[in-house]
file work_15.cif (mmCIF, C-alpha atoms)
data_start
#
loop_
_atom_site.label_atom_id
_atom_site.label_comp_id
_atom_site.auth_asym_id
_atom_site.auth_seq_id
_atom_site.Cartn_x
_atom_site.Cartn_y
_atom_site.Cartn_z
CA MET A 1 131.52 181.69 110.50
CA ARG A 2 127.81 181.07 110.04
CA PRO A 3 125.97 178.33 108.19
CA TYR A 4 124.98 179.32 104.67
CA GLU A 5 121.39 180.41 104.27
CA ILE A 6 119.11 178.07 102.30
CA LEU A 7 116.91 180.18 100.03
CA ALA A 8 114.93 177.32 98.47
CA SER A 9 114.82 173.51 98.51
CA GLU A 10 113.44 171.36 95.69
CA CYS A 11 112.89 167.61 96.05
CA LEU A 12 114.16 165.96 92.85
CA ILE A 13 113.13 162.41 93.81
CA LYS A 14 112.01 160.35 96.78
CA ALA A 15 113.32 156.80 96.38
CA ASN A 16 113.37 153.82 98.73
CA ILE A 17 116.94 154.27 99.96
CA VAL A 18 117.41 158.04 99.68
CA ASP A 19 115.73 161.33 98.83
CA LEU A 20 117.54 163.77 96.54
CA TYR A 21 117.17 167.54 96.95
CA ARG A 22 118.49 170.55 95.05
CA ASP A 23 118.84 173.55 97.37
CA THR A 24 119.54 177.16 96.50
CA ILE A 25 121.99 178.71 98.95
CA LEU A 26 123.54 182.10 99.63
CA LEU A 27 127.35 182.08 99.54
CA PRO A 28 129.57 184.28 101.78
CA ASN A 29 130.47 186.36 98.71
CA GLY A 30 126.82 187.32 98.26
CA LYS A 31 126.25 185.08 95.23
CA THR A 32 123.61 182.40 95.13
CA THR A 33 124.29 178.87 93.90
CA THR A 34 122.67 175.45 93.99
CA ARG A 35 123.84 172.44 95.99
CA GLU A 36 122.36 168.97 95.69
CA VAL A 37 122.12 166.77 98.75
CA VAL A 38 121.21 163.12 99.27
CA ARG A 39 119.04 162.80 102.38
CA ARG A 40 119.07 159.47 104.16
CA GLY A 41 118.94 159.76 107.94
CA ARG A 42 120.80 158.03 110.77
CA ALA A 43 122.57 154.69 111.08
CA ALA A 44 124.36 152.77 113.82
CA ALA A 45 127.25 150.31 113.72
CA VAL A 46 128.84 148.27 116.47
CA ILE A 47 132.27 146.92 117.28
CA ALA A 48 131.31 143.85 119.35
CA ALA A 49 134.28 142.52 121.35
CA LEU A 50 134.02 138.92 122.59
CA HIS A 51 135.56 137.87 125.93
CA SER A 52 138.34 136.26 123.86
CA GLY A 53 139.21 139.68 122.46
CA GLU A 54 137.97 138.77 118.99
CA ILE A 55 135.68 141.15 117.10
CA LEU A 56 132.40 140.09 115.45
CA PHE A 57 132.04 140.64 111.71
CA VAL A 58 129.33 139.86 109.18
CA ARG A 59 129.96 138.89 105.57
CA GLN A 60 127.16 139.72 103.17
CA TYR A 61 126.52 140.65 99.57
CA ARG A 62 126.45 144.40 98.97
CA HIS A 63 124.77 145.31 95.77
CA ALA A 64 126.41 148.77 95.50
CA THR A 65 129.83 147.06 95.44
CA GLY A 66 128.87 144.06 93.28
CA ASP A 67 130.56 141.74 95.75
CA PHE A 68 130.53 140.20 99.25
CA GLN A 69 131.95 142.45 101.98
CA LEU A 70 133.26 141.93 105.49
CA GLU A 71 131.78 144.52 107.85
CA ILE A 72 130.85 145.16 111.45
CA PRO A 73 127.11 144.82 112.19
CA ALA A 74 125.17 147.96 111.28
CA GLY A 75 121.89 149.28 109.99
CA MET A 76 119.61 152.26 109.67
CA LEU A 77 117.94 153.59 112.80
CA GLU A 78 114.19 153.58 112.89
CA GLU A 79 112.31 156.89 113.23
CA GLY A 80 113.04 158.29 116.70
CA GLU A 81 115.06 155.22 117.75
CA ASP A 82 117.80 155.69 120.33
CA PRO A 83 121.15 155.03 118.60
CA ALA A 84 122.38 152.62 121.32
CA ALA A 85 119.12 150.64 121.15
CA GLY A 86 119.38 150.53 117.34
CA ALA A 87 122.98 149.36 117.46
CA ALA A 88 122.07 146.58 119.92
CA ARG A 89 119.05 145.62 117.76
CA GLU A 90 121.15 145.36 114.60
CA LEU A 91 123.84 143.37 116.44
CA GLU A 92 121.30 140.85 117.70
CA GLU A 93 119.42 140.57 114.38
CA GLU A 94 122.60 139.94 112.40
CA THR A 95 124.68 137.86 114.86
CA GLY A 96 122.39 136.73 117.71
CA TYR A 97 124.67 138.37 120.29
CA ARG A 98 123.23 140.68 122.96
CA PRO A 99 125.50 143.22 124.67
CA GLY A 100 125.75 143.57 128.47
CA LYS A 101 127.47 146.93 127.97
CA ILE A 102 127.30 149.29 124.99
CA ARG A 103 128.69 152.82 124.62
CA GLU A 104 129.07 155.27 121.75
CA LEU A 105 132.65 155.89 120.60
CA PHE A 106 131.97 158.68 118.11
CA SER A 107 129.70 159.50 115.18
CA PHE A 108 130.39 160.77 111.69
CA TYR A 109 129.00 161.76 108.30
CA SER A 110 129.59 158.79 105.98
CA CYS A 111 129.93 160.88 102.79
CA ILE A 112 130.14 164.49 103.89
CA GLY A 113 130.39 165.88 100.36
CA PHE A 114 126.90 164.94 99.25
CA CYS A 115 124.87 163.07 101.88
CA ASP A 116 123.43 163.83 105.34
CA GLU A 117 123.74 160.27 106.71
CA VAL A 118 125.16 160.25 110.25
CA LEU A 119 126.53 156.96 111.56
CA HIS A 120 126.87 156.35 115.31
CA LEU A 121 129.67 153.90 116.15
CA PHE A 122 129.36 151.83 119.34
CA LEU A 123 131.55 149.48 121.35
CA ALA A 124 129.63 146.49 122.74
CA GLU A 125 131.03 144.19 125.44
CA ASP A 126 129.87 141.45 127.86
CA LEU A 127 128.19 139.66 124.96
CA THR A 128 125.71 136.80 125.35
CA SER A 129 125.21 134.52 122.34
CA GLY A 130 121.81 133.74 120.84
CA THR A 131 120.10 133.10 117.53
CA PRO A 132 120.44 135.58 114.66
CA ASN A 133 117.20 136.92 113.20
CA PRO A 134 118.15 138.63 109.93
CA ASP A 135 115.66 140.50 107.77
CA GLU A 136 114.10 138.46 104.99
CA ASP A 137 116.34 138.67 101.91
CA GLU A 138 119.37 139.30 104.18
CA PHE A 139 121.97 136.50 103.92
CA VAL A 140 124.60 137.07 106.55
CA VAL A 141 127.55 134.94 107.71
CA VAL A 142 129.12 135.72 111.09
CA GLU A 143 132.94 135.62 111.38
CA THR A 144 135.29 136.60 114.21
CA TYR A 145 138.86 137.91 114.05
CA PRO A 146 141.39 139.31 116.54
CA LYS A 147 141.90 143.02 116.07
CA GLU A 148 145.44 142.53 114.70
CA GLU A 149 144.12 140.24 111.96
CA ALA A 150 141.30 142.68 111.22
CA LEU A 151 143.87 145.46 110.83
CA ARG A 152 145.80 143.32 108.36
CA LYS A 153 142.57 142.86 106.41
CA VAL A 154 142.18 146.65 106.26
CA LEU A 155 145.74 147.21 105.05
CA SER A 156 145.55 144.33 102.53
CA GLY A 157 142.29 145.65 101.05
CA GLU A 158 140.07 142.74 102.13
CA ILE A 159 138.03 145.03 104.40
CA ARG A 160 136.75 147.86 102.21
CA ASP A 161 134.03 149.45 104.33
CA ALA A 162 134.51 152.91 105.90
CA LYS A 163 132.67 152.30 109.20
CA THR A 164 134.42 148.94 109.69
CA ILE A 165 137.84 150.51 109.02
CA ALA A 166 137.09 153.30 111.52
CA GLY A 167 136.07 150.73 114.13
CA VAL A 168 139.05 148.44 113.59
CA LEU A 169 141.53 151.33 113.65
CA TYR A 170 139.90 152.65 116.83
CA MET A 171 140.46 149.27 118.49
CA CYS A 172 144.11 149.32 117.35
CA GLN A 173 145.04 152.77 118.67
CA GLU A 174 146.33 153.35 122.13
CA ILE A 175 144.37 156.24 123.59
CA HIS A 176 140.86 154.86 124.16
CA GLY A 177 138.34 157.59 125.00
CA MET B 1 129.80 132.63 97.07
CA ARG B 2 129.11 134.41 93.78
CA PRO B 3 127.94 137.95 93.11
CA TYR B 4 124.19 138.23 92.64
CA GLU B 5 123.06 138.41 89.04
CA ILE B 6 121.63 141.74 87.86
CA LEU B 7 118.57 141.03 85.68
CA ALA B 8 117.70 144.65 84.85
CA SER B 9 118.88 148.18 85.68
CA GLU B 10 116.69 151.29 85.49
CA CYS B 11 118.09 154.82 85.84
CA LEU B 12 115.72 156.77 88.10
CA ILE B 13 117.56 160.10 87.83
CA LYS B 14 120.85 161.59 86.68
CA ALA B 15 121.69 164.56 88.91
CA ASN B 16 124.84 166.69 89.24
CA ILE B 17 126.28 164.89 92.26
CA VAL B 18 124.95 161.35 91.80
CA ASP B 19 122.96 159.05 89.57
CA LEU B 20 120.28 156.84 91.11
CA TYR B 21 119.47 153.38 89.73
CA ARG B 22 116.95 150.69 90.60
CA ASP B 23 118.28 147.25 89.72
CA THR B 24 116.46 143.92 89.65
CA ILE B 25 118.62 141.14 91.09
CA LEU B 26 118.43 137.39 91.56
CA LEU B 27 118.80 136.29 95.21
CA PRO B 28 120.53 133.04 96.28
CA ASN B 29 117.09 131.62 97.23
CA GLY B 30 115.94 131.96 93.62
CA LYS B 31 113.68 134.95 94.26
CA THR B 32 114.09 138.25 92.46
CA THR B 33 114.06 141.59 94.25
CA THR B 34 114.97 145.21 93.55
CA ARG B 35 117.91 147.11 95.01
CA GLU B 36 118.49 150.82 94.55
CA VAL B 37 122.02 152.14 94.25
CA VAL B 38 123.50 155.64 94.20
CA ARG B 39 126.27 155.79 91.60
CA ARG B 40 128.95 158.40 92.12
CA GLY B 41 132.43 157.22 91.19
CA ARG B 42 135.85 157.54 92.80
CA ALA B 43 137.37 160.00 95.26
CA ALA B 44 140.75 160.53 96.89
CA ALA B 45 141.74 161.96 100.26
CA VAL B 46 145.15 162.66 101.73
CA ILE B 47 146.73 162.68 105.16
CA ALA B 48 149.49 165.25 104.62
CA ALA B 49 152.13 165.09 107.38
CA LEU B 50 154.36 168.17 107.78
CA HIS B 51 158.02 167.82 108.84
CA SER B 52 156.88 168.99 112.32
CA GLY B 53 154.63 165.92 112.53
CA GLU B 54 151.47 168.03 112.28
CA ILE B 55 148.69 167.01 109.89
CA LEU B 56 147.06 169.38 107.39
CA PHE B 57 143.29 169.92 107.65
CA VAL B 58 140.82 172.10 105.80
CA ARG B 59 137.78 173.71 107.36
CA GLN B 60 134.91 174.40 104.98
CA TYR B 61 131.15 174.64 104.85
CA ARG B 62 129.45 171.36 103.95
CA HIS B 63 125.93 171.83 102.79
CA ALA B 64 124.86 168.24 103.50
CA THR B 65 125.72 168.79 107.18
CA GLY B 66 124.44 172.37 107.49
CA ASP B 67 127.69 173.40 109.16
CA PHE B 68 131.45 173.93 108.83
CA GLN B 69 133.53 170.76 109.05
CA LEU B 70 137.18 169.95 109.73
CA GLU B 71 138.46 167.42 107.19
CA ILE B 72 141.57 166.20 105.44
CA PRO B 73 141.92 167.44 101.83
CA ALA B 74 139.88 165.37 99.39
CA GLY B 75 137.87 165.46 96.21
CA MET B 76 136.39 163.50 93.36
CA LEU B 77 138.76 161.96 90.82
CA GLU B 78 138.40 163.08 87.24
CA GLU B 79 137.51 160.52 84.56
CA GLY B 80 140.46 158.12 84.20
CA GLU B 81 142.61 160.07 86.67
CA ASP B 82 145.25 158.17 88.63
CA PRO B 83 144.20 158.23 92.33
CA ALA B 84 147.66 159.38 93.55
CA ALA B 85 147.69 162.22 91.01
CA GLY B 86 144.16 163.20 92.03
CA ALA B 87 145.05 163.17 95.73
CA ALA B 88 148.10 165.39 95.07
CA ARG B 89 145.98 167.72 92.89
CA GLU B 90 143.31 168.14 95.58
CA LEU B 91 145.97 168.68 98.26
CA GLU B 92 147.62 171.45 96.23
CA GLU B 93 144.33 173.10 95.21
CA GLU B 94 143.03 173.23 98.77
CA THR B 95 146.23 173.90 100.76
CA GLY B 96 148.99 174.90 98.31
CA TYR B 97 151.22 172.06 99.54
CA ARG B 98 152.89 169.68 97.07
CA PRO B 99 154.01 166.24 98.24
CA GLY B 100 157.53 164.87 97.62
CA LYS B 101 156.25 161.39 98.49
CA ILE B 102 152.73 160.04 98.32
CA ARG B 103 151.48 156.46 98.82
CA GLU B 104 148.08 154.81 99.13
CA LEU B 105 147.23 153.47 102.59
CA PHE B 106 143.95 151.74 101.73
CA SER B 107 140.66 152.39 99.97
CA PHE B 108 137.06 151.91 100.98
CA TYR B 109 133.39 152.28 100.11
CA SER B 110 132.16 155.42 101.89
CA CYS B 111 128.55 154.19 102.31
CA ILE B 112 128.53 150.53 101.39
CA GLY B 113 124.81 150.06 101.96
CA PHE B 114 123.60 152.26 99.14
CA CYS B 115 126.43 153.93 97.15
CA ASP B 116 129.29 152.80 94.90
CA GLU B 117 131.70 155.63 95.83
CA VAL B 118 135.22 154.31 96.47
CA LEU B 119 137.62 156.60 98.34
CA HIS B 120 141.39 156.10 98.07
CA LEU B 121 143.24 157.31 101.17
CA PHE B 122 146.85 158.50 100.76
CA LEU B 123 149.72 159.50 103.03
CA ALA B 124 151.69 162.49 101.69
CA GLU B 125 155.11 163.49 103.05
CA ASP B 126 158.08 165.74 102.16
CA LEU B 127 155.68 168.63 101.61
CA THR B 128 156.60 171.91 99.90
CA SER B 129 154.37 174.91 100.61
CA GLY B 130 152.78 177.04 97.88
CA THR B 131 149.63 178.98 97.10
CA PRO B 132 146.20 177.33 97.37
CA ASN B 133 144.01 177.42 94.27
CA PRO B 134 140.54 176.39 95.38
CA ASP B 135 137.63 175.96 92.98
CA GLU B 136 135.42 179.00 92.58
CA ASP B 137 132.72 178.93 95.28
CA GLU B 138 135.04 176.88 97.52
CA PHE B 139 135.95 178.72 100.73
CA VAL B 140 138.59 176.75 102.55
CA VAL B 141 140.68 177.54 105.65
CA VAL B 142 143.85 175.48 106.26
CA GLU B 143 144.61 174.35 109.83
CA THR B 144 147.28 172.03 111.25
CA TYR B 145 147.16 169.81 114.33
CA PRO B 146 149.40 167.15 115.88
CA LYS B 147 147.90 163.67 115.52
CA GLU B 148 147.18 163.41 119.27
CA GLU B 149 145.11 166.60 119.15
CA ALA B 150 143.35 165.40 115.99
CA LEU B 151 142.45 162.16 117.81
CA ARG B 152 140.99 164.19 120.67
CA LYS B 153 138.88 166.07 118.10
CA VAL B 154 137.56 162.74 116.81
CA LEU B 155 136.68 161.47 120.30
CA SER B 156 135.13 164.81 121.34
CA GLY B 157 132.94 164.94 118.23
CA GLU B 158 134.57 168.01 116.65
CA ILE B 159 135.79 165.94 113.68
CA ARG B 160 132.71 164.27 112.18
CA ASP B 161 133.92 163.09 108.77
CA ALA B 162 134.43 159.38 108.05
CA LYS B 163 137.51 159.65 105.81
CA THR B 164 139.19 162.10 108.22
CA ILE B 165 138.51 159.80 111.18
CA ALA B 166 139.93 156.82 109.28
CA GLY B 167 143.07 158.82 108.43
CA VAL B 168 143.60 160.18 111.94
CA LEU B 169 143.07 156.76 113.54
CA TYR B 170 145.50 155.23 111.04
CA MET B 171 148.15 157.75 112.08
CA CYS B 172 147.50 156.89 115.75
CA GLN B 173 147.81 153.11 115.51
CA GLU B 174 151.07 151.32 115.89
CA ILE B 175 151.33 148.87 113.01
CA HIS B 176 151.88 151.04 109.94
CA GLY B 177 151.51 149.07 106.70
#
call {"tool": "encode", "arguments": {"input": "work_15.cif", "output": "structure tokens"}}
result
Amino acid sequence: MRPYEILASECLIKANIVDLYRDTILLPNGKTTTREVVRRGRAAAVIAALHSGEILFVRQYRHATGDFQLEIPAGMLEEGEDPAAGAARELEEETGYRPGKIRELFSFYSCIGFCDEVLHLFLAEDLTSGTPNPDEDEFVVVETYPKEEALRKVLSGEIRDAKTIAGVLYMCQEIHG
Amino acid sequence: MRPYEILASECLIKANIVDLYRDTILLPNGKTTTREVVRRGRAAAVIAALHSGEILFVRQYRHATGDFQLEIPAGMLEEGEDPAAGAARELEEETGYRPGKIRELFSFYSCIGFCDEVLHLFLAEDLTSGTPNPDEDEFVVVETYPKEEALRKVLSGEIRDAKTIAGVLYMCQEIHG
């Protein structure tokens, strides 16, 4: 199977957080149709495991949800930034912790049906504590939980963030990559 | 901590797949700022476990990714639709299978940083096979894999979809809710 051919691409809007395009594509049955796509770029998130075995979380207000959310540290990568460097940067900005070791677990499309955002998920270990340095207008509280308690927060609905759920479930499965 | 107050909300565009808003909000420090948000609504996805223990997947072209992707069945909920009914509907449309039992595992924001989409993840069992009935212009191939093989596909990068990764990792952890 081959990728569908894009016959034309129209930018509907360029906003601060996303760009929205309407593309004309050729289907396998020979028909043409349009598909919209939200373009956003790359992000990185990090499961940071303390020596105690606890995982670092940040609690912050998320406007899209209208509420405070418990998440693992994450953020958008800068243009050309190495994903591991971006994950370590976001971890330090939001929590003050610097990783001695960091490795990518896997990456994924956050919302494959309409958006091109790819999120790289990392595991950070051998952490050294320091002072957080959040962006202006970012109000972040650091919390730590053992993985079993984090899993309960997923199943009870307290943790409601896709990347955080993927990270917590990864830590709770048996076959580590 | 209280939700931030929304002082104003401007619709930047209403497109087919999303609406984009720019809201003015009041920060805890008394300043006002703007936050954009992509509004999209609710979705449902389903881990469908056959009697053999294998999980049902669908392989389809995803324009946002420029490639074919292996995913669990999923789709947007219709206005006012019960999430369990929507999950069962999408499962039957895409694979032909109807569930005897279906229950919600958890739900999450797909891209918490910029979009309000909530995805409800279900586990479907006691499946009865039938004839798929995909939407026009939807070209879907059904595949089945044991959970261990699906996990390998996550760790190797073949599965690159957030909801599918969450579902596969859930099936591979020990404490089922």
call {"tool": "resolve_selection", "arguments": {"input": "work_15.cif", "expression": "the PyMOL selection byres ((chain A) within 7 of (chain B))", "output": "ChimeraX atom specification"}}
result
/A:3,17,36-37,62,64-67,105-116,155,157,160-162,165-166,169-170,172-174,177
call {"tool": "resolve_selection", "arguments": {"input": "work_15.cif", "expression": "the PyMOL selection byres ((chain B and resi 128) around 6)", "output": "PyMOL selection string"}}
result
chain B and resi 97-98+127+129
call {"tool": "atom_distance", "arguments": {"input": "work_15.cif", "atom1": "CA of Ala85 (chain B)", "atom2": "CA of Arg42 (chain B)"}}
result
12.9 Å
call {"tool": "resolve_selection", "arguments": {"input": "work_15.cif", "expression": "the PyMOL selection byres ((chain B and resi 88) around 8)", "output": "NGL selection string"}}
result
:B and (46 or 84-87 or 89-92 or 98-99 or 102)
call {"tool": "atom_distance", "arguments": {"input": "work_15.cif", "atom1": "CA of Lys153 (chain B)", "atom2": "CA of Ala45 (chain B)"}}
result
18.5 Å
call {"tool": "atom_distance", "arguments": {"input": "work_15.cif", "atom1": "CA of Gly96 (chain B)", "atom2": "CA of Arg59 (chain B)"}}
result
14.5 Å
call {"tool": "closest_residue", "arguments": {"input": "work_15.cif", "among": "A:Asp126, A:Val140, A:Glu149, A:Gly80", "to": "Gly100 (chain A)", "atoms": "all atoms listed in the file"}}
result
A:Asp126
